[in-house]
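Participant: Got a structure for you, questions after.
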Amino acid sequence: MEGILIEEDDSRSDSEAPRTPKTLCCGACTEDSEEELGCVAGPLLLSVLIVVCGTASTITSKLQYEVRSRGFEHCHYDDRITRRCPFTKPYFQTLVMKVAMSTCLLIAWVARRCRRKPTGELAEALLANEAPRQTPDRSAILAVAAPAFTDLLQTALAQAGLLFVSSSTYQMTRGSVVVFTCILSVRWLKQKLRPHHYVAVAVVCAAVALVGVAGRFGEKGHTSLGSYVLGLGLIVVGQAVGALQFCLEEHLMVE
């Protein structure tokens with residue numbers, strides 16, 4: 001008698017397939033959409049952190065520029081030549097900021113290592129369906145390097161401009177990035193703005209102009225008019241570069 005081959009019917013539906021246990025997030029945190037870091041900061045918490053950390057970064061940078069110490073070179077300070085000069089090193093400040101940002105890689109690595117991994121049948125099912133990781137090619141690395149370079153350039157320009165203006169004027173002038181981002185979004189990314197967007201851009205332009213004029217009259221210290229205008233110009237150019245960075249990043253994520 002010939003043997004009969006009986007195929008097993010896999011009655012397990014897709015809905016019954018093993019799934020990764022959901023991470024319970026509460027408060028201002030939300031679940032990571034890529035299921036790599038568990039809970040991440042939500043939009044509200046991110047907005048608060050951007051304002052608080054950005055303000056703290058500006059104030060500490062300005063305080064650093066006003067610190068005086070004895071060095072090897074002479075400088076002109078208080079209408080006299082002295083060796084106790086302010087620490088006016090915007091490029092060093094930029095380096096410190098980028099090194100601090102790089103620590104996020106360590107935080108992400110620790111978060112992944114500390115996250116609970118599935119075991120047993122669930123782990124075997126996930127490993128069987130896991131796609132092999134691909135090594136990024138040169139074109140992908142260059143594409144990511146473009147917004148990284150613009151971020152470095154805009155930070156250096158803005159830090160240089162902070163030398164000549166107050167921290168409040170610097171922080172408010174950085175709002176001009178909204179104007180440049182809208183211009184590039186319409187001209188390059190072909191996005192359409194609604195009437196309330198144009199109203200918001202007009203308000204930002206008026207606010208930046210008022211801050212620039214009022215900041216000059218309220219400015220204290222030894223900054224001349226030419227230095228003040230130079231500082232504002234460096235900050236505005238830096239925000240234009242920052243707008244280019246935002247559009248590059250959006251283009252990469254969409255395309």
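Labels for the structure tokens follow display order: chains A, B, ..., residues from 1 in each chain, ligands from 1.
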So which residues touch Arg174 in chain A within 9 Å, counting only C-alpha atoms, skipping near sequence neighbours fewer than 2 positions away, as a PyMOL selection string?
Facilitator: chain A and resi 158+169-172+176-178+208+235-236+238-239
Participant: Measure the distance from CA of Leu230 in chain A to CA of Gly161 in chain A in Å and round it to one decimal.
Facilitator: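 Result for CA of Leu230 in chain A versus CA of Gly161 in chain A: 7.1 Å, one decimal.
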Participant: Run DSSP on the backbone and grab whatever in range 38-181 of chain A lands in strand (DSSP E or B); send it over as JSON, numbers by chain.
Facilitator: {"A": [39, 40, 41, 68, 69, 70, 71, 72, 73, 74, 75, 76, 77, 80, 81, 82, 83, 84, 85, 86]}
Participant: Which residue, A:Leu163, A:Leu184, A:Ala202, A:Leu189, has the smallest gap to Lys62 in chain A when you use only C-alpha atoms?
Facilitator: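 Nearest candidate to Lys62 in chain A out of A:Leu163, A:Leu184, A:Ala202, A:Leu189: A:Leu163.
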Participant: Go through A:Val186, A:Leu105, A:Leu44, A:Leu162 and flag the residue nearest Thr88 in chain A, using only C-alpha atoms for the distances.
Facilitator: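 Ranked by minimum distance to Thr88 in chain A, first place goes to A:Leu162.
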Participant: Applying 9 Å and only C-alpha atoms, which residues near Thr94 in chain A remain after dropping the ones on its own chain fewer than 3 positions away? List them as a PyMOL selection string.
Facilitator: chain A and resi 89-91+97-99+152+155-156+159
Participant: Take the residues from that selection and put them in a file with C-alpha atoms, as a tab-separated table (two decimals), in the first residue's frame.
Facilitator:
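Output (part-v4.tsv):
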chain	number	residue	atom	x	y	z
A	89	LYS	CA	36.25	80.86	21.82
A	90	PRO	CA	33.06	80.06	19.86
A	91	TYR	CA	34.65	77.16	17.98
A	97	MET	CA	28.31	70.96	22.25
A	98	LYS	CA	28.92	68.32	19.57
A	99	VAL	CA	30.82	66.09	22.00
A	152	LEU	CA	27.83	72.08	12.54
A	155	THR	CA	26.02	76.13	15.37
A	156	ALA	CA	29.42	77.71	14.77
A	159	GLN	CA	27.93	80.80	18.66
Participant: From the list A:Gly233, A:Gly226, A:Gly175, A:Gly54, which residue is nearest Ala206 in chain A when using only C-alpha atoms?
Facilitator: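 Nearest candidate to Ala206 in chain A out of A:Gly233, A:Gly226, A:Gly175, A:Gly54: A:Gly175.
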Participant: A:Gly212, A:Gly42, A:Gly242, A:Gly71: which is nearest Phe149 in chain A, counting only C-alpha atoms?
Facilitator: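 Among A:Gly212, A:Gly42, A:Gly242, A:Gly71, it is A:Gly242 that comes nearest to Phe149 in chain A.
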Participant: Taking only C-alpha atoms into account, name the residue in A:Ile107, A:Leu153, A:Ile141, A:Met101 that is nearest to Val237 in chain A.
Facilitator: A:Leu153
Participant: List every residue of range 38-225 of chain A that DSSP, applied to the backbone of this structure, places in helix (DSSP H, G or I), and write the result as a PyMOL selection string.
Facilitator: chain A and resi 43-66+90-114+121-129+138-162+167-187+195-218+225
Participant: Can I get the selected residues back with C-alpha atoms, as a short mmCIF file (atom, residue, chain, number, x, y, z; two decimals), in the first residue's frame?
Facilitator:
data_model
loop_
_atom_site.label_atom_id
_atom_site.label_comp_id
_atom_site.auth_asym_id
_atom_site.auth_seq_id
_atom_site.Cartn_x
_atom_site.Cartn_y
_atom_site.Cartn_z
CA PRO A 43 5.56 65.69 22.08
CA LEU A 44 4.69 67.73 25.19
CA LEU A 45 7.77 66.60 27.10
CA LEU A 46 9.97 67.18 24.05
CA SER A 47 8.66 70.74 23.69
CA VAL A 48 9.42 71.51 27.34
CA LEU A 49 12.89 69.96 27.09
CA ILE A 50 13.69 71.94 23.92
CA VAL A 51 12.82 75.24 25.61
CA VAL A 52 14.54 74.46 28.92
CA CYS A 53 17.69 72.88 27.48
CA GLY A 54 17.99 75.48 24.71
CA THR A 55 17.75 78.34 27.20
CA ALA A 56 20.23 76.69 29.55
CA SER A 57 22.67 76.15 26.67
CA THR A 58 22.45 79.82 25.63
CA ILE A 59 22.95 81.14 29.16
CA THR A 60 25.89 78.86 29.94
CA SER A 61 27.53 79.73 26.61
CA LYS A 62 27.20 83.45 27.31
CA LEU A 63 28.56 83.00 30.83
CA GLN A 64 31.52 81.12 29.42
CA TYR A 65 32.31 83.95 27.00
CA GLU A 66 32.32 86.46 29.87
CA PRO A 90 33.06 80.06 19.86
CA TYR A 91 34.65 77.16 17.98
CA PHE A 92 35.66 75.48 21.23
CA GLN A 93 32.11 75.94 22.50
CA THR A 94 30.81 74.32 19.32
CA LEU A 95 33.16 71.38 19.85
CA VAL A 96 31.93 70.95 23.42
CA MET A 97 28.31 70.96 22.25
CA LYS A 98 28.92 68.32 19.57
CA VAL A 99 30.82 66.09 22.00
CA ALA A 100 27.91 66.39 24.45
CA MET A 101 25.44 65.48 21.68
CA SER A 102 27.52 62.42 20.86
CA THR A 103 26.80 61.03 24.33
CA CYS A 104 23.27 60.31 23.07
CA LEU A 105 24.79 57.31 21.26
CA LEU A 106 25.92 55.92 24.61
CA ILE A 107 22.47 56.53 26.12
CA ALA A 108 20.80 54.74 23.19
CA TRP A 109 23.23 51.81 23.48
CA VAL A 110 22.58 51.44 27.23
CA ALA A 111 18.80 51.65 26.68
CA ARG A 112 18.95 48.85 24.14
CA ARG A 113 21.11 46.67 26.35
CA CYS A 114 18.87 47.19 29.37
CA GLU A 121 9.31 30.44 21.35
CA LEU A 122 8.74 34.17 20.98
CA ALA A 123 12.46 34.82 20.52
CA GLU A 124 12.77 32.02 17.95
CA ALA A 125 9.83 33.39 15.96
CA LEU A 126 11.22 36.91 15.99
CA LEU A 127 14.68 35.76 14.92
CA ALA A 128 13.21 33.69 12.09
CA ASN A 129 11.32 36.67 10.69
CA ARG A 138 28.82 55.47 0.55
CA SER A 139 25.87 57.35 -0.98
CA ALA A 140 23.79 56.86 2.18
CA ILE A 141 26.64 58.07 4.39
CA LEU A 142 27.15 61.16 2.22
CA ALA A 143 23.43 61.88 2.28
CA VAL A 144 23.41 61.83 6.09
CA ALA A 145 26.65 63.84 6.22
CA ALA A 146 25.05 66.80 4.40
CA PRO A 147 22.59 67.77 7.20
CA ALA A 148 25.26 66.98 9.80
CA PHE A 149 27.62 69.48 8.17
CA THR A 150 24.93 72.16 7.99
CA ASP A 151 24.16 71.58 11.68
CA LEU A 152 27.83 72.08 12.54
CA LEU A 153 28.04 75.23 10.40
CA GLN A 154 24.92 76.85 11.80
CA THR A 155 26.02 76.13 15.37
CA ALA A 156 29.42 77.71 14.77
CA LEU A 157 27.87 80.81 13.15
CA ALA A 158 25.31 81.23 15.92
CA GLN A 159 27.93 80.80 18.66
CA ALA A 160 30.12 83.41 16.98
CA GLY A 161 27.17 85.81 16.85
CA LEU A 162 26.47 85.27 20.54
CA SER A 167 21.63 85.96 25.41
CA SER A 168 18.01 87.19 25.19
CA THR A 169 18.59 88.87 21.81
CA TYR A 170 20.33 85.72 20.58
CA GLN A 171 17.51 83.46 21.69
CA MET A 172 14.79 85.60 20.10
CA THR A 173 16.69 86.16 16.84
CA ARG A 174 16.96 82.41 16.37
CA GLY A 175 13.22 82.46 15.69
CA SER A 176 14.07 83.63 12.18
CA VAL A 177 14.67 79.98 11.31
CA VAL A 178 10.89 79.70 10.86
CA VAL A 179 10.96 82.22 8.01
CA PHE A 180 13.83 80.54 6.15
CA THR A 181 12.33 77.09 6.65
CA CYS A 182 9.02 78.20 5.13
CA ILE A 183 10.78 79.73 2.13
CA LEU A 184 12.82 76.58 1.44
CA SER A 185 9.82 74.33 2.03
CA VAL A 186 7.78 76.16 -0.59
CA ARG A 187 10.56 76.64 -3.15
CA PRO A 195 -3.18 81.77 5.08
CA HIS A 196 -2.58 81.30 8.80
CA HIS A 197 0.95 80.13 7.99
CA TYR A 198 1.68 83.41 6.21
CA VAL A 199 0.25 85.31 9.16
CA ALA A 200 2.53 83.41 11.55
CA VAL A 201 5.58 84.10 9.36
CA ALA A 202 4.71 87.81 9.25
CA VAL A 203 4.44 87.90 13.04
CA VAL A 204 7.83 86.19 13.37
CA CYS A 205 9.42 88.71 10.98
CA ALA A 206 7.99 91.62 12.96
CA ALA A 207 9.14 90.08 16.24
CA VAL A 208 12.69 89.52 15.00
CA ALA A 209 12.87 93.11 13.70
CA LEU A 210 11.61 94.52 17.01
CA VAL A 211 14.02 92.40 19.01
CA GLY A 212 16.92 93.50 16.82
CA VAL A 213 16.13 97.19 17.29
CA ALA A 214 15.19 97.00 20.98
CA GLY A 215 18.16 94.80 21.78
CA ARG A 216 20.56 97.48 20.57
CA PHE A 217 19.13 100.13 22.92
CA GLY A 218 19.02 97.74 25.85
CA LEU A 225 27.01 99.24 16.71
#
